[in-house]
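Note: the block below is upload_23.pdb and it holds PDB, C-alpha atoms.
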```pdb
MODEL        1
ATOM      1  CA  MET A   3      45.145 227.029 317.208
ATOM      2  CA  ASP A   4      45.106 229.662 314.457
ATOM      3  CA  GLN A   5      46.737 232.665 316.142
ATOM      4  CA  LYS A   6      45.621 235.732 314.251
ATOM      5  CA  THR A   7      47.415 239.057 314.019
ATOM      6  CA  VAL A   8      45.554 242.328 313.672
ATOM      7  CA  THR A   9      47.410 245.184 312.005
ATOM      8  CA  VAL A  10      46.543 248.764 312.891
ATOM      9  CA  GLY A  11      48.654 251.253 310.995
ATOM     10  CA  ASP A  12      52.218 249.993 311.463
ATOM     11  CA  ILE A  13      51.341 248.080 314.645
ATOM     12  CA  ALA A  14      51.068 244.276 314.619
ATOM     13  CA  ILE A  15      48.918 243.016 317.493
ATOM     14  CA  GLY A  16      48.913 239.313 318.293
ATOM     15  CA  GLY A  17      51.090 236.218 318.066
ATOM     16  CA  ALA A  18      54.661 236.753 319.206
ATOM     17  CA  ALA A  19      54.638 240.493 318.494
ATOM     18  CA  PRO A  20      55.689 242.766 321.379
ATOM     19  CA  ILE A  21      52.847 244.220 323.410
ATOM     20  CA  ALA A  22      51.100 247.195 321.893
ATOM     21  CA  LEU A  23      49.646 249.940 324.063
ATOM     22  CA  ILE A  24      46.204 251.524 323.839
ATOM     23  CA  SER A  25      46.323 254.676 325.923
ATOM     24  CA  GLY A  26      44.953 258.145 326.375
ATOM     25  CA  PRO A  27      42.440 260.022 328.525
ATOM     26  CA  CYS A  28      39.106 258.452 329.331
ATOM     27  CA  GLN A  29      37.205 261.423 327.948
ATOM     28  CA  LEU A  30      38.192 263.987 325.337
ATOM     29  CA  GLU A  31      38.464 267.402 326.961
ATOM     30  CA  SER A  32      39.898 269.705 324.272
ATOM     31  CA  HIS A  33      42.202 269.710 321.274
ATOM     32  CA  ALA A  34      45.053 271.120 323.368
ATOM     33  CA  HIS A  35      44.566 268.507 326.079
ATOM     34  CA  ALA A  36      44.554 265.628 323.588
ATOM     35  CA  ARG A  37      47.774 266.943 322.029
ATOM     36  CA  MET A  38      49.441 267.208 325.432
ATOM     37  CA  ILE A  39      48.531 263.640 326.388
ATOM     38  CA  CYS A  40      49.608 262.272 323.002
ATOM     39  CA  GLU A  41      52.971 264.036 323.214
ATOM     40  CA  GLY A  42      53.458 262.678 326.737
ATOM     41  CA  LEU A  43      52.741 259.146 325.552
ATOM     42  CA  LEU A  44      55.124 259.460 322.611
ATOM     43  CA  GLU A  45      57.824 260.463 325.082
ATOM     44  CA  ALA A  46      56.918 257.636 327.472
ATOM     45  CA  CYS A  47      56.992 254.994 324.735
ATOM     46  CA  ALA A  48      60.200 256.157 323.058
ATOM     47  CA  PRO A  49      62.785 254.373 325.291
ATOM     48  CA  THR A  50      61.262 250.934 324.608
ATOM     49  CA  GLY A  51      60.049 251.593 321.075
ATOM     50  CA  THR A  52      56.538 250.618 322.175
ATOM     51  CA  LYS A  53      53.886 251.253 319.540
ATOM     52  CA  PHE A  54      50.690 252.840 320.829
ATOM     53  CA  ILE A  55      47.170 253.649 319.731
ATOM     54  CA  PHE A  56      45.797 256.932 321.079
ATOM     55  CA  LYS A  57      42.472 256.389 322.854
ATOM     56  CA  ALA A  58      39.794 258.873 323.906
ATOM     57  CA  SER A  59      35.995 258.920 324.007
ATOM     58  CA  TYR A  60      33.906 261.667 322.411
ATOM     59  CA  ASP A  61      30.824 260.555 324.356
ATOM     60  CA  LYS A  62      30.657 258.739 327.692
ATOM     61  CA  ALA A  63      27.145 257.433 327.219
ATOM     62  CA  ASN A  64      27.371 255.034 330.176
ATOM     63  CA  ARG A  65      28.144 257.459 333.015
ATOM     64  CA  SER A  66      26.814 256.565 336.475
ATOM     65  CA  SER A  67      24.670 259.690 336.820
ATOM     66  CA  LEU A  68      22.744 261.944 334.436
ATOM     67  CA  ALA A  69      24.442 264.892 336.135
ATOM     68  CA  THR A  70      27.959 263.904 335.010
ATOM     69  CA  ASN A  71      29.622 265.298 331.879
ATOM     70  CA  ARG A  72      29.388 263.034 328.831
ATOM     71  CA  GLY A  73      32.031 264.708 326.698
ATOM     72  CA  LEU A  74      32.418 266.818 323.550
ATOM     73  CA  GLY A  75      30.005 264.932 321.300
ATOM     74  CA  VAL A  76      30.405 263.264 317.921
ATOM     75  CA  GLU A  77      31.297 266.173 315.642
ATOM     76  CA  ALA A  78      33.821 267.973 317.853
ATOM     77  CA  GLY A  79      35.284 264.771 319.274
ATOM     78  CA  LEU A  80      35.900 263.059 315.954
ATOM     79  CA  ARG A  81      37.455 266.225 314.544
ATOM     80  CA  ILE A  82      40.000 266.212 317.389
ATOM     81  CA  LEU A  83      40.770 262.511 316.964
ATOM     82  CA  SER A  84      41.252 262.949 313.227
ATOM     83  CA  ASP A  85      43.610 265.867 313.871
ATOM     84  CA  ILE A  86      45.640 263.850 316.400
ATOM     85  CA  ARG A  87      46.048 261.036 313.877
ATOM     86  CA  ALA A  88      47.175 263.435 311.142
ATOM     87  CA  GLU A  89      49.500 265.523 313.317
ATOM     88  CA  TYR A  90      51.295 262.740 315.197
ATOM     89  CA  GLY A  91      50.981 259.806 312.813
ATOM     90  CA  VAL A  92      49.526 257.501 315.474
ATOM     91  CA  PRO A  93      46.409 255.347 315.059
ATOM     92  CA  VAL A  94      43.412 256.416 317.126
ATOM     93  CA  LEU A  95      40.601 254.528 318.876
ATOM     94  CA  THR A  96      37.236 255.601 320.216
ATOM     95  CA  ASP A  97      34.101 253.990 321.665
ATOM     96  CA  VAL A  98      30.855 253.714 319.734
ATOM     97  CA  HIS A  99      27.548 253.297 321.523
ATOM     98  CA  GLU A 100      25.091 253.357 318.633
ATOM     99  CA  ALA A 101      25.031 251.477 315.341
ATOM    100  CA  GLY A 102      24.466 254.755 313.498
ATOM    101  CA  HIS A 103      27.743 256.193 314.813
ATOM    102  CA  CYS A 104      29.976 253.426 313.429
ATOM    103  CA  ALA A 105      30.248 254.591 309.807
ATOM    104  CA  ILE A 106      30.658 258.202 310.940
ATOM    105  CA  ALA A 107      33.415 257.387 313.449
ATOM    106  CA  ALA A 108      35.156 255.132 310.931
ATOM    107  CA  GLN A 109      35.998 258.190 308.836
ATOM    108  CA  ALA A 110      38.103 259.655 311.666
ATOM    109  CA  VAL A 111      39.616 256.725 313.586
ATOM    110  CA  ASP A 112      41.458 253.448 313.044
ATOM    111  CA  VAL A 113      39.840 251.270 315.731
ATOM    112  CA  LEU A 114      36.257 251.123 316.965
ATOM    113  CA  GLN A 115      35.749 249.959 320.525
ATOM    114  CA  ILE A 116      32.622 248.212 321.748
ATOM    115  CA  PRO A 117      31.919 249.077 325.406
ATOM    116  CA  ALA A 118      31.572 246.160 327.805
ATOM    117  CA  PHE A 119      27.932 246.927 328.605
ATOM    118  CA  LEU A 120      27.102 246.697 324.877
ATOM    119  CA  CYS A 121      29.147 243.682 323.818
ATOM    120  CA  ARG A 122      26.073 241.579 323.028
ATOM    121  CA  GLN A 123      24.249 244.276 321.033
ATOM    122  CA  THR A 124      24.043 242.551 317.669
ATOM    123  CA  ASP A 125      23.178 245.589 315.545
ATOM    124  CA  LEU A 126      26.093 247.556 317.027
ATOM    125  CA  LEU A 127      28.546 244.692 316.448
ATOM    126  CA  LEU A 128      27.414 244.198 312.857
ATOM    127  CA  ALA A 129      27.586 247.920 312.068
ATOM    128  CA  ALA A 130      31.077 248.105 313.558
ATOM    129  CA  GLY A 131      32.232 245.045 311.634
ATOM    130  CA  GLU A 132      30.896 246.410 308.357
ATOM    131  CA  THR A 133      33.236 249.418 308.562
ATOM    132  CA  GLY A 134      36.222 247.123 307.998
ATOM    133  CA  LEU A 135      38.121 248.812 310.822
ATOM    134  CA  ALA A 136      39.827 246.906 313.625
ATOM    135  CA  ILE A 137      37.297 246.274 316.405
ATOM    136  CA  ASN A 138      38.265 246.074 320.081
ATOM    137  CA  ILE A 139      35.432 244.336 321.946
ATOM    138  CA  LYS A 140      35.400 244.673 325.705
ATOM    139  CA  LYS A 141      34.154 241.597 327.524
ATOM    140  CA  GLY A 142      31.005 242.356 329.450
ATOM    141  CA  GLN A 143      31.356 242.374 333.222
ATOM    142  CA  PHE A 144      28.548 239.818 333.174
ATOM    143  CA  LEU A 145      30.053 237.393 330.625
ATOM    144  CA  ALA A 146      32.263 234.347 330.988
ATOM    145  CA  PRO A 147      35.427 234.484 328.879
ATOM    146  CA  TRP A 148      34.343 231.507 326.782
ATOM    147  CA  ASP A 149      31.185 233.401 325.787
ATOM    148  CA  MET A 150      33.283 235.902 323.832
ATOM    149  CA  LYS A 151      33.633 233.501 320.907
ATOM    150  CA  ASN A 152      29.958 234.148 320.131
ATOM    151  CA  VAL A 153      30.477 237.905 320.357
ATOM    152  CA  ALA A 154      33.448 237.747 317.978
ATOM    153  CA  ALA A 155      31.456 235.578 315.579
ATOM    154  CA  LYS A 156      28.930 238.374 315.107
ATOM    155  CA  VAL A 157      31.636 240.747 313.886
ATOM    156  CA  GLU A 158      33.328 238.033 311.826
ATOM    157  CA  SER A 159      30.016 237.338 310.059
ATOM    158  CA  THR A 160      30.446 240.691 308.276
ATOM    159  CA  GLY A 161      33.704 239.483 306.738
ATOM    160  CA  ASN A 162      35.755 241.530 309.177
ATOM    161  CA  ARG A 163      38.639 239.528 310.650
ATOM    162  CA  ARG A 164      40.278 242.429 312.477
ATOM    163  CA  ILE A 165      38.976 241.549 315.943
ATOM    164  CA  MET A 166      40.494 241.999 319.393
ATOM    165  CA  LEU A 167      38.961 240.771 322.647
ATOM    166  CA  CYS A 168      39.490 242.888 325.747
ATOM    167  CA  GLU A 169      39.337 241.790 329.391
ATOM    168  CA  ARG A 170      38.234 244.515 331.833
ATOM    169  CA  GLY A 171      37.124 242.657 334.943
ATOM    170  CA  THR A 172      34.043 240.745 336.022
ATOM    171  CA  SER A 173      31.314 241.879 338.422
ATOM    172  CA  PHE A 174      31.950 240.552 341.919
ATOM    173  CA  GLY A 175      29.323 241.818 344.308
ATOM    174  CA  TYR A 176      28.230 245.436 344.421
ATOM    175  CA  ASN A 177      30.593 248.160 343.082
ATOM    176  CA  THR A 178      33.413 245.646 342.710
ATOM    177  CA  LEU A 179      35.249 243.954 339.851
ATOM    178  CA  VAL A 180      37.656 241.026 339.939
ATOM    179  CA  THR A 181      40.015 239.750 337.241
ATOM    180  CA  ASP A 182      40.201 236.024 336.609
ATOM    181  CA  PHE A 183      43.498 235.573 334.784
ATOM    182  CA  ARG A 184      42.376 232.171 333.532
ATOM    183  CA  GLY A 185      40.122 234.167 331.233
ATOM    184  CA  LEU A 186      43.017 235.595 329.218
ATOM    185  CA  PRO A 187      44.285 232.282 327.756
ATOM    186  CA  THR A 188      40.664 231.129 327.508
ATOM    187  CA  MET A 189      39.797 234.058 325.238
ATOM    188  CA  ALA A 190      43.067 233.549 323.356
ATOM    189  CA  GLU A 191      41.805 230.072 322.405
ATOM    190  CA  THR A 192      39.503 231.859 319.946
ATOM    191  CA  GLY A 193      42.621 232.838 318.010
ATOM    192  CA  TRP A 194      41.890 236.538 318.303
ATOM    193  CA  PRO A 195      44.447 238.815 320.017
ATOM    194  CA  VAL A 196      43.647 239.514 323.666
ATOM    195  CA  VAL A 197      43.906 242.996 325.177
ATOM    196  CA  PHE A 198      44.023 243.585 328.921
ATOM    197  CA  ASP A 199      42.396 246.756 330.241
ATOM    198  CA  ALA A 200      44.361 247.424 333.417
ATOM    199  CA  THR A 201      42.678 250.652 334.462
ATOM    200  CA  HIS A 202      39.041 249.617 334.109
ATOM    201  CA  SER A 203      39.792 246.323 335.841
ATOM    202  CA  VAL A 204      40.428 248.294 339.042
ATOM    203  CA  GLN A 205      37.343 250.462 338.607
ATOM    204  CA  GLN A 206      34.635 250.392 341.289
ATOM    205  CA  PRO A 207      31.482 250.905 339.189
ATOM    206  CA  GLY A 208      29.211 253.464 340.804
ATOM    207  CA  GLY A 209      31.381 253.255 343.899
ATOM    208  CA  LEU A 210      31.256 256.971 344.650
ATOM    209  CA  GLY A 211      27.486 257.194 344.447
ATOM    210  CA  GLY A 212      27.151 259.539 341.475
ATOM    211  CA  SER A 213      30.300 258.294 339.739
ATOM    212  CA  SER A 214      32.665 255.333 339.682
ATOM    213  CA  GLY A 215      35.543 254.898 342.082
ATOM    214  CA  GLY A 216      38.742 252.976 341.537
ATOM    215  CA  GLN A 217      42.029 251.761 342.961
ATOM    216  CA  ARG A 218      44.694 252.943 340.543
ATOM    217  CA  GLN A 219      47.498 251.596 342.733
ATOM    218  CA  PHE A 220      46.555 248.080 341.634
ATOM    219  CA  ALA A 221      46.463 248.778 337.872
ATOM    220  CA  PRO A 222      50.246 248.258 337.422
ATOM    221  CA  VAL A 223      50.040 245.037 339.459
ATOM    222  CA  LEU A 224      47.340 243.587 337.214
ATOM    223  CA  ALA A 225      49.106 244.816 334.080
ATOM    224  CA  ARG A 226      52.277 242.965 335.081
ATOM    225  CA  ALA A 227      50.252 239.807 335.685
ATOM    226  CA  ALA A 228      48.621 240.130 332.255
ATOM    227  CA  CYS A 229      52.034 240.476 330.596
ATOM    228  CA  ALA A 230      53.203 237.375 332.457
ATOM    229  CA  VAL A 231      50.220 235.501 331.008
ATOM    230  CA  GLY A 232      51.154 236.714 327.517
ATOM    231  CA  VAL A 233      48.575 239.227 326.263
ATOM    232  CA  SER A 234      48.888 240.975 322.904
ATOM    233  CA  ALA A 235      48.140 244.525 324.039
ATOM    234  CA  LEU A 236      47.493 246.604 327.134
ATOM    235  CA  PHE A 237      44.815 249.246 327.580
ATOM    236  CA  ILE A 238      45.843 251.866 330.155
ATOM    237  CA  GLU A 239      44.082 255.200 330.507
ATOM    238  CA  THR A 240      46.206 258.160 331.606
ATOM    239  CA  HIS A 241      45.813 261.791 332.646
ATOM    240  CA  GLU A 242      48.080 264.563 333.896
ATOM    241  CA  ASP A 243      45.771 265.172 336.883
ATOM    242  CA  PRO A 244      43.719 262.009 337.474
ATOM    243  CA  ASP A 245      42.139 263.238 340.697
ATOM    244  CA  ASN A 246      40.480 266.074 338.775
ATOM    245  CA  ALA A 247      39.746 264.259 335.515
ATOM    246  CA  PRO A 248      36.133 264.466 334.288
ATOM    247  CA  SER A 249      35.771 260.686 334.009
ATOM    248  CA  ASP A 250      37.353 257.601 335.610
ATOM    249  CA  GLY A 251      40.036 259.574 337.435
ATOM    250  CA  PRO A 252      40.316 257.174 340.407
ATOM    251  CA  ASN A 253      41.599 254.344 338.213
ATOM    252  CA  MET A 254      43.720 256.259 335.671
ATOM    253  CA  ILE A 255      47.536 256.304 335.776
ATOM    254  CA  HIS A 256      49.289 259.657 336.119
ATOM    255  CA  LEU A 257      50.941 260.646 332.835
ATOM    256  CA  HIS A 258      54.328 261.189 334.491
ATOM    257  CA  ASP A 259      54.310 257.566 335.707
ATOM    258  CA  MET A 260      53.740 256.054 332.276
ATOM    259  CA  LYS A 261      57.379 255.904 331.107
ATOM    260  CA  ALA A 262      58.543 253.802 334.053
ATOM    261  CA  LEU A 263      55.431 251.614 333.899
ATOM    262  CA  ILE A 264      55.843 250.925 330.177
ATOM    263  CA  GLY A 265      59.488 249.992 330.730
ATOM    264  CA  THR A 266      58.537 247.487 333.434
ATOM    265  CA  LEU A 267      55.712 245.984 331.386
ATOM    266  CA  CYS A 268      57.913 245.575 328.320
ATOM    267  CA  ALA A 269      60.435 243.675 330.440
ATOM    268  CA  PHE A 270      57.703 241.266 331.572
ATOM    269  CA  ASP A 271      56.505 240.930 327.970
ATOM    270  CA  ARG A 272      59.998 240.119 326.654
ATOM    271  CA  LEU A 273      60.476 237.488 329.343
ATOM    272  CA  THR A 274      57.121 235.834 328.612
ATOM    273  CA  LYS A 275      57.478 235.840 324.820
ATOM    274  CA  GLY A 276      61.213 235.164 324.726
ATOM    275  CA  LEU A 277      61.856 238.370 322.756
TER     276      LEU A 277
ENDMDL
END
```
So, in terms of structure tokens, how does the structure I just supplied come out?
Amino acid sequence: MDQKTVTVGDIAIGGAAPIALISGPCQLESHAHARMICEGLLEACAPTGTKFIFKASYDKANRSSLATNRGLGVEAGLRILSDIRAEYGVPVLTDVHEAGHCAIAAQAVDVLQIPAFLCRQTDLLLAAGETGLAINIKKGQFLAPWDMKNVAAKVESTGNRRIMLCERGTSFGYNTLVTDFRGLPTMAETGWPVVFDATHSVQQPGGLGGSSGGQRQFAPVLARAACAVGVSALFIETHEDPDNAPSDGPNMIHLHDMKALIGTLCAFDRLTKGL
């Protein structure tokens, strides 16, 4: 199997490289808030030397209810992400929901992320691939892991070979997700690096009626299991006050818990990869 490595800034993702971290708040709130979270993550990653990509969304276009806040919007959000990249020297990632946003977002970020609900939208995948940026594609909650080879092929058809495939749980009845860990090595058979999204895997979509619920206490458990399987990167959303976060609070990890969690996950990663 041709095991590919995707490079984002100075971070190598894939193969025998140590796990990378994709982390940040679910939704951009302000410049000051993004800076605070980024500084907290730099501190949390320092003891292990873990490399991380700062993640935040400028638009949550897939919220459960029309009444919930979608975020800061394209112009303000991308300006903040560009500033975070310049100020702290870390790569940044954001979601794109429309093909027309890909080229615009590509001017401000290092990784474009395809939301799970949109992972089969051909025009979006092609537009993302044509930017030349690294593309993190979340597996749809409705897809089998072996179906992701067809999704990746759409991006690869543009000549872009900077593809990552991200597991985030599979629909299991109403308002419930389950993670099938057989899916991680199955997706790895494509050769593309596999990312495990620990926080969205414990989400309960629409579980609170007008918004999604979650069980954040299980996110570290699933993250450890993913490291034991041998993933290339972990996606973990974080917030200093998850219970009052504007989006996905019930499944986000508290910022002050990230240092200990990263240390534990790196230990599992070293054991699995023989580092």
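Residues within 8 Å of range 164-167 of chain A, counting only C-alpha atoms and excluding same-chain residues fewer than 5 positions away, are Val8, Thr9, Gly134, Leu135, Ala136, Ile137, Asn138, Ile139, Lys140, Lys141, Met150, Ala154, Val157, Glu158, Met189, Trp194, Pro195, Val196 and Val197 of chain A.
Take CA of Lys53 in chain A and CA of Ile24 in chain A: the distance between them is 8.8 Å.
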List as a ChimeraX atom specification the residues having at least one atom at most 12 Å from position (60.9, 239.6, 325.0) as given in the file, counting all atoms listed in the file.
/A:18-21,50,229-230,232,265-277
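Here CA of Val233 in chain A and CA of Lys156 in chain A stand 22.6 Å from one another.
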List as a list in words the residues having at least one atom at most 10 Å from position (45.6, 268.4, 321.0) as given in the file, counting only C-alpha atoms.
Leu30, Glu31, Ser32, His33, Ala34, His35, Ala36, Arg37, Met38, Ile39, Cys40, Glu41, Ile82, Leu83, Asp85, Ile86, Glu89 and Tyr90 of chain A
Nearest to Ser249 in chain A: which of A:Lys261, A:Arg170, A:Arg72, A:Lys151 is it, counting all atoms listed in the file?
A:Arg72
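Taking CA of Asn162 in chain A as the reference point, CA of Gly75 in chain A is found at 27.0 Å.
Here the PyMOL selection byres ((chain A and resi 95-103) around 8) catches exactly these residues: Ile55, Phe56, Lys57, Ala58, Ser59, Tyr60, Asp61, Ala63, Pro93, Val94, Cys104, Ala105, Ile106, Ala107, Val111, Asp112, Val113, Leu114, Gln115, Ile116, Pro117, Leu120, Asp125, Leu126, Leu127, Ala129 and Ala130 of chain A.
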Around range 43-50 of chain A, fit a box with edges along x, y and z, padding it by 6 Å on each side, then list its centre and edge lengths in Å to one decimal as JSON.
```
{"center_x": 57.8, "center_y": 255.7, "center_z": 325.0, "size_x": 22.0, "size_y": 21.5, "size_z": 16.9}
```
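Residues with any atom within 7 Å of Gln217 in chain A, counting all atoms listed in the file and excluding same-chain neighbours fewer than 4 positions away, are A:Val204, A:Gln205, A:Pro252, A:Asn253.
Of the residues listed (A:Val180, A:Leu263, A:Ala221, A:Val153), A:Val153 shows the shortest atom-to-atom separation from Thr192 in chain A; distances use all atoms listed in the file.
Around Gly175 in chain A, within 12 Å and counting all atoms listed in the file, the residues found are Gln143, Phe144, Thr172, Thr178, Leu179, Val180, Gln206, Pro207 and Gly209 of chain A, once anything fewer than 3 positions away on its own chain is removed.
Near Glu239 in chain A, within 6 Å and counting only C-alpha atoms, sit Ser25, Gly26, Pro27 and Met254 of chain A, not including residues fewer than 2 positions from it in the same chain.
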Output of the above residues as a compact mmCIF listing (two decimals), keeping the file's coordinate frame, restricted to C-alpha atoms:
```txt
# COMPACT_ATOMS: atom_id res chain seq x y z
CA SER A 25 46.32 254.68 325.92
CA GLY A 26 44.95 258.14 326.38
CA PRO A 27 42.44 260.02 328.52
CA MET A 254 43.72 256.26 335.67
```
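Using all atoms listed in the file, the shortest contact distance between Ala225 in chain A and any of A:Leu23, A:Ala118, A:Val76, A:Leu128 is found at A:Leu23.
Considering the residues A:Gly16, A:Pro244, A:Gly11, A:Pro147 and counting all atoms listed in the file, Gly91 in chain A has its shortest atom-to-atom contact with A:Gly11.
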